[in-house]
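Read through the structure below, which is laid out as structure tokens, and then see the notes.
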Amino acid sequence: MPIWTTAQAQHSTLTACAPHSAACLAAPWLLLHACAQPRPRTTCANESFTSQQVLLHACAHNPTGIDPSGEEWQELAELFAGRGLVALFDSAYQGYASGDLDADAASVRAFEAAGVLPVACQSYAKSLGLYGERIGAVNFVCASREEAEAVLSTVKQTIVRPAYSSPPLHGARLAAEVLGDAALFAQWRGELRGMANRVHRMRVLLADALRAEGAPSPDGGDWGHVVDQIGMFAYTGLSASHVDSLRERHHVYLTRDGRMSMAAMKPADIEYVARAVRSVLAE
């Protein structure tokens with residue numbers, strides 16, 4: 001994580017699941033639960049997490065697409081409260097994951113309700129289609145007006161001014177126009193639902209096509225994990241060698257950890273991709 005290295009902050013990486021595992025049985029929140037126990041754990045480099053920041057994905061975990069349930073988020077929030085952990089949320093897909101802005105914010109709100117004042121890094125690049133503007137906001141939930149003023153002053157002095165001072169206004173004004181106009185906001189929410197539903201449909205079509213082709217699922221299942229995951233990407237379980245073969249022999253492109261972009265998939269692509277996956281799995 002270069003940003004932590006640049007800031008000279010100590011950090012540890014938690015392995016969410018076994019490489020190239022579609023099932024991802026060691027889900028990120030379960031590993032985090034283990035690491036936050038009072039005693040040292042080898043999975044956390046022999047360090048228990050106390051009074052530290054933990055980076056979480058608010059929804060549509062990337063790359064696994066596996067999110068905690070509402071009950072699991074509540075359990076995590078209580079664990080953070082008990083251990084004095086700071087929750088730093090990466091929220092890049094609100095509204096684009098489930099199609100519901102409130103459902104996709106449930107994780108952050110659960111932490112606030114539990115007394116864990118979260119820090120939420122919100123991006124509008126995907127949800128508002130503003131990739132070229134790289135627009136977003138960092139939101140600090142504070143316990144008092146005095147604390148909020150102190151946090152704002154510190155952020156301005158130590159982050160904003162050294163990093164960028166005066167950012168471009170184009171993306172911020174576009175986001176403010178949509179979010180601040182009731183009619184535009186309602187239209188945007190409807191478009192988010194449409195995009196999220198479309199991605200889910202691509203998941204269903206791909207899983208059905210893979211079954212129809214007789215492609216063996218890497219996790220030994222029936223490709224149900226492709227449908228059960230959420231967000232822009234499918235963590236297929238394909239290995240790096242499978243990905244290389246797909247690229248070289250079929251011109252189908254994934255990242256080498258087996259992550260496939262479902263947002264880029266079109267219905268006309270489904271059959272070809274399913275045949276190509278079956279082919280490389282048969283090698």
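In the structure tokens, the first chain shown is A, the next is B, and so on; residue numbers restart at 1 for each chain, and ligands run from 1 in the order shown.
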**Near-Cys121 in chain A list (12 Å; only C-alpha atoms; drop same-chain fewer than 6 positions) as a ChimeraX atom specification** = /A:55-58,87-94,108,135-141
Can I get the selection written as a PDB file, in the first residue's frame, with N, CA, C and O atoms?
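The result, written out as out_25.pdb:
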ATOM      1  N   LEU A  55      -8.453  -0.804   7.483  1.00  0.00           N
ATOM      2  CA  LEU A  55      -9.082  -0.425   6.223  1.00  0.00           C
ATOM      3  C   LEU A  55     -10.103  -1.476   5.812  1.00  0.00           C
ATOM      4  O   LEU A  55      -9.780  -2.660   5.707  1.00  0.00           O
ATOM      5  N   LEU A  56     -11.331  -1.044   5.592  1.00  0.00           N
ATOM      6  CA  LEU A  56     -12.440  -1.928   5.218  1.00  0.00           C
ATOM      7  C   LEU A  56     -13.085  -1.427   3.930  1.00  0.00           C
ATOM      8  O   LEU A  56     -13.084  -0.229   3.647  1.00  0.00           O
ATOM      9  N   HIS A  57     -13.653  -2.336   3.168  1.00  0.00           N
ATOM     10  CA  HIS A  57     -14.472  -1.944   2.025  1.00  0.00           C
ATOM     11  C   HIS A  57     -15.920  -1.864   2.477  1.00  0.00           C
ATOM     12  O   HIS A  57     -16.456  -2.843   3.009  1.00  0.00           O
ATOM     13  N   ALA A  58     -16.556  -0.730   2.276  1.00  0.00           N
ATOM     14  CA  ALA A  58     -17.923  -0.530   2.759  1.00  0.00           C
ATOM     15  C   ALA A  58     -18.908  -1.480   2.095  1.00  0.00           C
ATOM     16  O   ALA A  58     -19.876  -1.937   2.721  1.00  0.00           O
ATOM     17  N   ALA A  87     -12.122   2.509  12.323  1.00  0.00           N
ATOM     18  CA  ALA A  87     -12.612   1.956  11.055  1.00  0.00           C
ATOM     19  C   ALA A  87     -12.434   2.978   9.934  1.00  0.00           C
ATOM     20  O   ALA A  87     -13.045   4.050   9.950  1.00  0.00           O
ATOM     21  N   LEU A  88     -11.584   2.642   8.976  1.00  0.00           N
ATOM     22  CA  LEU A  88     -11.355   3.486   7.801  1.00  0.00           C
ATOM     23  C   LEU A  88     -12.006   2.798   6.612  1.00  0.00           C
ATOM     24  O   LEU A  88     -11.521   1.767   6.133  1.00  0.00           O
ATOM     25  N   PHE A  89     -13.125   3.345   6.146  1.00  0.00           N
ATOM     26  CA  PHE A  89     -13.895   2.711   5.083  1.00  0.00           C
ATOM     27  C   PHE A  89     -13.523   3.262   3.708  1.00  0.00           C
ATOM     28  O   PHE A  89     -13.471   4.469   3.500  1.00  0.00           O
ATOM     29  N   ASP A  90     -13.292   2.355   2.782  1.00  0.00           N
ATOM     30  CA  ASP A  90     -13.142   2.677   1.366  1.00  0.00           C
ATOM     31  C   ASP A  90     -14.509   2.442   0.731  1.00  0.00           C
ATOM     32  O   ASP A  90     -14.947   1.299   0.593  1.00  0.00           O
ATOM     33  N   SER A  91     -15.189   3.516   0.382  1.00  0.00           N
ATOM     34  CA  SER A  91     -16.532   3.412  -0.184  1.00  0.00           C
ATOM     35  C   SER A  91     -16.507   3.879  -1.633  1.00  0.00           C
ATOM     36  O   SER A  91     -16.725   5.050  -1.938  1.00  0.00           O
ATOM     37  N   ALA A  92     -16.231   2.946  -2.532  1.00  0.00           N
ATOM     38  CA  ALA A  92     -16.093   3.292  -3.950  1.00  0.00           C
ATOM     39  C   ALA A  92     -17.308   2.885  -4.774  1.00  0.00           C
ATOM     40  O   ALA A  92     -17.405   3.248  -5.946  1.00  0.00           O
ATOM     41  N   TYR A  93     -18.239   2.118  -4.156  1.00  0.00           N
ATOM     42  CA  TYR A  93     -19.314   1.524  -4.965  1.00  0.00           C
ATOM     43  C   TYR A  93     -20.707   1.772  -4.395  1.00  0.00           C
ATOM     44  O   TYR A  93     -21.638   1.050  -4.741  1.00  0.00           O
ATOM     45  N   GLN A  94     -20.874   2.764  -3.532  1.00  0.00           N
ATOM     46  CA  GLN A  94     -22.194   2.968  -2.924  1.00  0.00           C
ATOM     47  C   GLN A  94     -23.249   3.206  -3.997  1.00  0.00           C
ATOM     48  O   GLN A  94     -23.129   4.107  -4.821  1.00  0.00           O
ATOM     49  N   VAL A 108     -21.151   1.255   7.199  1.00  0.00           N
ATOM     50  CA  VAL A 108     -20.654   2.464   7.862  1.00  0.00           C
ATOM     51  C   VAL A 108     -21.619   2.897   8.967  1.00  0.00           C
ATOM     52  O   VAL A 108     -21.204   3.271  10.074  1.00  0.00           O
ATOM     53  N   ILE A 135     -13.123  12.309  -8.517  1.00  0.00           N
ATOM     54  CA  ILE A 135     -13.764  13.107  -7.473  1.00  0.00           C
ATOM     55  C   ILE A 135     -14.244  12.219  -6.331  1.00  0.00           C
ATOM     56  O   ILE A 135     -14.724  11.106  -6.546  1.00  0.00           O
ATOM     57  N   GLY A 136     -14.097  12.724  -5.128  1.00  0.00           N
ATOM     58  CA  GLY A 136     -14.561  12.009  -3.953  1.00  0.00           C
ATOM     59  C   GLY A 136     -14.473  12.901  -2.738  1.00  0.00           C
ATOM     60  O   GLY A 136     -14.252  14.114  -2.844  1.00  0.00           O
ATOM     61  N   ALA A 137     -14.651  12.299  -1.569  1.00  0.00           N
ATOM     62  CA  ALA A 137     -14.581  13.067  -0.330  1.00  0.00           C
ATOM     63  C   ALA A 137     -14.191  12.135   0.801  1.00  0.00           C
ATOM     64  O   ALA A 137     -14.522  10.946   0.783  1.00  0.00           O
ATOM     65  N   VAL A 138     -13.484  12.674   1.776  1.00  0.00           N
ATOM     66  CA  VAL A 138     -13.212  11.917   2.987  1.00  0.00           C
ATOM     67  C   VAL A 138     -14.082  12.511   4.088  1.00  0.00           C
ATOM     68  O   VAL A 138     -14.121  13.724   4.284  1.00  0.00           O
ATOM     69  N   ASN A 139     -14.830  11.638   4.758  1.00  0.00           N
ATOM     70  CA  ASN A 139     -15.796  12.067   5.763  1.00  0.00           C
ATOM     71  C   ASN A 139     -15.391  11.541   7.136  1.00  0.00           C
ATOM     72  O   ASN A 139     -15.233  10.327   7.317  1.00  0.00           O
ATOM     73  N   PHE A 140     -15.230  12.432   8.099  1.00  0.00           N
ATOM     74  CA  PHE A 140     -14.899  12.057   9.469  1.00  0.00           C
ATOM     75  C   PHE A 140     -16.147  12.234  10.338  1.00  0.00           C
ATOM     76  O   PHE A 140     -16.720  13.324  10.386  1.00  0.00           O
ATOM     77  N   VAL A 141     -16.564  11.173  10.996  1.00  0.00           N
ATOM     78  CA  VAL A 141     -17.667  11.280  11.950  1.00  0.00           C
ATOM     79  C   VAL A 141     -17.046  11.575  13.314  1.00  0.00           C
ATOM     80  O   VAL A 141     -16.263  10.771  13.829  1.00  0.00           O
TER      81      VAL A 141
END
**Asked** If you count only C-alpha atoms, which residues fall within 12 Å of Met265 in chain A, apart from same-chain ones fewer than 5 positions away, as a list in words?
**Response** Arg198, Val199, His200, Arg201, Met202, Arg203, Val204, Leu205, Leu206, Met232, Phe233, Ala234, Val252, Tyr253, Leu254, Met260, Ile270, Glu271, Tyr272, Val273 and Ala274 of chain A
**Request:** Work out how far apart CA of Gly224 in chain A and CA of Ala77 in chain A are and give it in Å to one decimal.
**Result:** 28.8 Å
**Request:** Please give the complete set of residues from range 66-172 of chain A that DSSP, run on the backbone, assigns to helix (DSSP H, G or I), formatted as a PyMOL selection string.
**Result:** chain A and resi 70-83+101-104+106-113+145-163+170-172
Given the selection you just returned, output its residues as a file containing N, CA and C atoms, formatted as a tab-separated table (two decimals), in the first residue's frame.
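Output saved as out_32.tsv:
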chain	number	residue	atom	x	y	z
A	70	GLY	N	-25.53	-8.26	7.24
A	70	GLY	CA	-25.83	-7.21	8.19
A	70	GLY	C	-25.46	-7.60	9.61
A	71	GLU	N	-25.72	-8.85	9.97
A	71	GLU	CA	-25.39	-9.33	11.31
A	71	GLU	C	-23.88	-9.37	11.52
A	72	GLU	N	-23.16	-9.75	10.48
A	72	GLU	CA	-21.70	-9.80	10.60
A	72	GLU	C	-21.09	-8.41	10.71
A	73	TRP	N	-21.66	-7.43	9.99
A	73	TRP	CA	-21.19	-6.05	10.13
A	73	TRP	C	-21.42	-5.57	11.56
A	74	GLN	N	-22.58	-5.94	12.13
A	74	GLN	CA	-22.86	-5.54	13.50
A	74	GLN	C	-21.87	-6.16	14.47
A	75	GLU	N	-21.54	-7.43	14.25
A	75	GLU	CA	-20.57	-8.11	15.10
A	75	GLU	C	-19.20	-7.44	14.98
A	76	LEU	N	-18.83	-7.09	13.77
A	76	LEU	CA	-17.55	-6.41	13.57
A	76	LEU	C	-17.53	-5.05	14.26
A	77	ALA	N	-18.64	-4.31	14.16
A	77	ALA	CA	-18.71	-3.00	14.79
A	77	ALA	C	-18.53	-3.11	16.30
A	78	GLU	N	-19.15	-4.11	16.89
A	78	GLU	CA	-19.02	-4.31	18.34
A	78	GLU	C	-17.59	-4.72	18.69
A	79	LEU	N	-16.98	-5.52	17.84
A	79	LEU	CA	-15.59	-5.93	18.07
A	79	LEU	C	-14.66	-4.72	18.01
A	80	PHE	N	-14.87	-3.84	17.02
A	80	PHE	CA	-14.05	-2.63	16.90
A	80	PHE	C	-14.22	-1.76	18.14
A	81	ALA	N	-15.46	-1.63	18.61
A	81	ALA	CA	-15.72	-0.81	19.79
A	81	ALA	C	-14.99	-1.36	21.00
A	82	GLY	N	-15.02	-2.68	21.15
A	82	GLY	CA	-14.38	-3.31	22.29
A	82	GLY	C	-12.87	-3.25	22.25
A	83	ARG	N	-12.29	-3.24	21.06
A	83	ARG	CA	-10.83	-3.24	20.91
A	83	ARG	C	-10.26	-1.84	20.67
A	101	LEU	N	-28.63	2.91	-2.37
A	101	LEU	CA	-27.66	3.73	-1.64
A	101	LEU	C	-27.65	3.42	-0.15
A	102	ASP	N	-28.82	3.22	0.43
A	102	ASP	CA	-28.91	2.96	1.86
A	102	ASP	C	-28.35	1.59	2.22
A	103	ALA	N	-28.68	0.58	1.43
A	103	ALA	CA	-28.17	-0.77	1.70
A	103	ALA	C	-26.65	-0.80	1.63
A	104	ASP	N	-26.09	-0.07	0.68
A	104	ASP	CA	-24.64	-0.08	0.51
A	104	ASP	C	-23.92	0.78	1.56
A	106	ALA	N	-24.95	0.57	4.78
A	106	ALA	CA	-25.32	-0.05	6.06
A	106	ALA	C	-24.10	-0.37	6.92
A	107	SER	N	-22.99	-0.73	6.30
A	107	SER	CA	-21.79	-1.08	7.07
A	107	SER	C	-21.29	0.12	7.86
A	108	VAL	N	-21.15	1.25	7.20
A	108	VAL	CA	-20.65	2.46	7.86
A	108	VAL	C	-21.62	2.90	8.97
A	109	ARG	N	-22.90	2.82	8.69
A	109	ARG	CA	-23.90	3.24	9.67
A	109	ARG	C	-23.94	2.31	10.88
A	110	ALA	N	-23.66	1.03	10.66
A	110	ALA	CA	-23.61	0.09	11.78
A	110	ALA	C	-22.49	0.44	12.74
A	111	PHE	N	-21.37	0.86	12.20
A	111	PHE	CA	-20.24	1.25	13.05
A	111	PHE	C	-20.56	2.53	13.82
A	112	GLU	N	-21.17	3.49	13.16
A	112	GLU	CA	-21.52	4.73	13.86
A	112	GLU	C	-22.51	4.45	14.99
A	113	ALA	N	-23.49	3.58	14.71
A	113	ALA	CA	-24.49	3.24	15.72
A	113	ALA	C	-23.87	2.53	16.92
A	145	ARG	N	-18.55	19.09	18.18
A	145	ARG	CA	-18.17	20.18	17.30
A	145	ARG	C	-16.69	20.53	17.47
A	146	GLU	N	-16.23	20.49	18.72
A	146	GLU	CA	-14.84	20.81	18.99
A	146	GLU	C	-13.89	19.81	18.33
A	147	GLU	N	-14.27	18.54	18.41
A	147	GLU	CA	-13.44	17.51	17.78
A	147	GLU	C	-13.44	17.68	16.26
A	148	ALA	N	-14.60	18.00	15.70
A	148	ALA	CA	-14.71	18.20	14.25
A	148	ALA	C	-13.82	19.34	13.79
A	149	GLU	N	-13.81	20.44	14.56
A	149	GLU	CA	-12.97	21.58	14.20
A	149	GLU	C	-11.49	21.22	14.27
A	150	ALA	N	-11.12	20.43	15.28
A	150	ALA	CA	-9.71	20.03	15.42
A	150	ALA	C	-9.30	19.10	14.28
A	151	VAL	N	-10.20	18.16	13.92
A	151	VAL	CA	-9.90	17.24	12.83
A	151	VAL	C	-9.76	17.99	11.52
A	152	LEU	N	-10.68	18.91	11.25
A	152	LEU	CA	-10.63	19.68	10.01
A	152	LEU	C	-9.33	20.47	9.91
A	153	SER	N	-8.94	21.10	11.01
A	153	SER	CA	-7.69	21.88	11.01
A	153	SER	C	-6.48	20.98	10.73
A	154	THR	N	-6.47	19.82	11.37
A	154	THR	CA	-5.34	18.89	11.19
A	154	THR	C	-5.28	18.36	9.76
A	155	VAL	N	-6.42	18.00	9.22
A	155	VAL	CA	-6.47	17.47	7.85
A	155	VAL	C	-6.00	18.52	6.86
A	156	LYS	N	-6.44	19.74	7.04
A	156	LYS	CA	-6.03	20.81	6.14
A	156	LYS	C	-4.51	21.01	6.18
A	157	GLN	N	-3.96	21.03	7.40
A	157	GLN	CA	-2.54	21.35	7.54
A	157	GLN	C	-1.62	20.21	7.14
A	158	THR	N	-2.02	18.97	7.45
A	158	THR	CA	-1.10	17.84	7.25
A	158	THR	C	-1.37	17.04	5.98
A	159	ILE	N	-2.56	17.19	5.40
A	159	ILE	CA	-2.90	16.39	4.22
A	159	ILE	C	-3.24	17.27	3.02
A	160	VAL	N	-4.24	18.13	3.19
A	160	VAL	CA	-4.75	18.88	2.04
A	160	VAL	C	-3.69	19.79	1.43
A	161	ARG	N	-3.12	20.66	2.24
A	161	ARG	CA	-2.17	21.63	1.68
A	161	ARG	C	-0.88	20.98	1.17
A	162	PRO	N	-0.28	20.03	1.88
A	162	PRO	CA	0.92	19.39	1.33
A	162	PRO	C	0.64	18.56	0.08
A	163	ALA	N	-0.58	17.98	-0.02
A	163	ALA	CA	-0.86	17.06	-1.12
A	163	ALA	C	-1.35	17.76	-2.37
A	170	HIS	N	-14.08	20.90	-11.33
A	170	HIS	CA	-15.04	20.36	-12.30
A	170	HIS	C	-15.84	19.19	-11.72
A	171	GLY	N	-15.12	18.17	-11.21
A	171	GLY	CA	-15.80	16.99	-10.70
A	171	GLY	C	-16.67	17.30	-9.50
A	172	ALA	N	-16.19	18.15	-8.61
A	172	ALA	CA	-16.96	18.50	-7.42
A	172	ALA	C	-18.25	19.22	-7.79
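Per DSSP on the backbone, strand (DSSP E or B) in range 54-265 of chain A comprises Val54, Leu55, Leu56, His57, Val86, Ala87, Leu88, Phe89, Asp90, Ser91, Val119, Ala120, Cys121, Gln122, Ser123, Gly136, Ala137, Val138, Asn139, Phe140, Phe233, Ala234, Tyr235, Arg259, Met260 and Ser261 of chain A.
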**Complete:** Using only C-alpha atoms, the residue out of A:His250, A:Arg193, A:Arg275, A:Arg211 with shortest distance to Gly99 in chain A is A:Arg193
**Message:** Here is a test: counting only C-alpha atoms, which residue of A:Glu213, A:Asp228, A:Asp67, A:Asp181 is nearest to Val277 in chain A?
**Reply:** A:Glu213
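Here CA of Ala209 in chain A stands at a distance of 13.0 Å from CA of Lys266 in chain A.
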**Prompt:** Pick from A:Asp100, A:Asp208, A:Asp257, A:Glu191: nearest to Val227 in chain A, with only C-alpha atoms counted?
**Reply:** A:Asp208
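Between CA of Gln122 in chain A and CA of Ala263 in chain A there is a distance of 20.0 Å.
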Mind checking which residues fall within 9 Å of Gln52 in chain A, counting only C-alpha atoms, ignoring those fewer than 3 positions away in the same chain, and posting them as a PDB file with all heavy atoms, in the first residue's frame?
ATOM      1  N   PHE A  49      -4.328  -6.461  17.089  1.00  0.00           N
ATOM      2  CA  PHE A  49      -4.712  -5.130  16.654  1.00  0.00           C
ATOM      3  C   PHE A  49      -5.351  -4.379  17.823  1.00  0.00           C
ATOM      4  O   PHE A  49      -6.408  -4.760  18.303  1.00  0.00           O
ATOM      5  CB  PHE A  49      -5.734  -5.234  15.500  1.00  0.00           C
ATOM      6  CG  PHE A  49      -5.108  -5.526  14.176  1.00  0.00           C
ATOM      7  CD1 PHE A  49      -3.883  -6.152  14.083  1.00  0.00           C
ATOM      8  CD2 PHE A  49      -5.767  -5.176  13.005  1.00  0.00           C
ATOM      9  CE1 PHE A  49      -3.311  -6.419  12.871  1.00  0.00           C
ATOM     10  CE2 PHE A  49      -5.198  -5.454  11.777  1.00  0.00           C
ATOM     11  CZ  PHE A  49      -3.965  -6.079  11.702  1.00  0.00           C
ATOM     12  N   GLY A  84     -11.129  -0.845  20.550  1.00  0.00           N
ATOM     13  CA  GLY A  84     -10.646   0.511  20.320  1.00  0.00           C
ATOM     14  C   GLY A  84     -10.042   0.706  18.947  1.00  0.00           C
ATOM     15  O   GLY A  84      -9.131   1.525  18.763  1.00  0.00           O
ATOM     16  N   LEU A  85     -10.541  -0.026  17.948  1.00  0.00           N
ATOM     17  CA  LEU A  85     -10.026   0.085  16.590  1.00  0.00           C
ATOM     18  C   LEU A  85     -10.698   1.237  15.848  1.00  0.00           C
ATOM     19  O   LEU A  85     -11.866   1.551  16.089  1.00  0.00           O
ATOM     20  CB  LEU A  85     -10.265  -1.222  15.821  1.00  0.00           C
ATOM     21  CG  LEU A  85      -9.627  -2.482  16.410  1.00  0.00           C
ATOM     22  CD1 LEU A  85     -10.079  -3.709  15.629  1.00  0.00           C
ATOM     23  CD2 LEU A  85      -8.121  -2.369  16.399  1.00  0.00           C
ATOM     24  N   VAL A  86      -9.981   1.843  14.929  1.00  0.00           N
ATOM     25  CA  VAL A  86     -10.518   2.912  14.082  1.00  0.00           C
ATOM     26  C   VAL A  86     -10.894   2.303  12.734  1.00  0.00           C
ATOM     27  O   VAL A  86     -10.066   1.655  12.086  1.00  0.00           O
ATOM     28  CB  VAL A  86      -9.483   4.037  13.877  1.00  0.00           C
ATOM     29  CG1 VAL A  86     -10.032   5.108  12.941  1.00  0.00           C
ATOM     30  CG2 VAL A  86      -9.105   4.643  15.221  1.00  0.00           C
ATOM     31  N   ALA A  87     -12.122   2.509  12.323  1.00  0.00           N
ATOM     32  CA  ALA A  87     -12.612   1.956  11.055  1.00  0.00           C
ATOM     33  C   ALA A  87     -12.434   2.978   9.934  1.00  0.00           C
ATOM     34  O   ALA A  87     -13.045   4.050   9.950  1.00  0.00           O
ATOM     35  CB  ALA A  87     -14.076   1.570  11.179  1.00  0.00           C
TER      36      ALA A  87
END
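Between Asn62 in chain A and the residues A:Val226, A:Arg259, A:Pro168, A:Val243, the shortest atom-to-atom distance, using only C-alpha atoms, involves A:Arg259.
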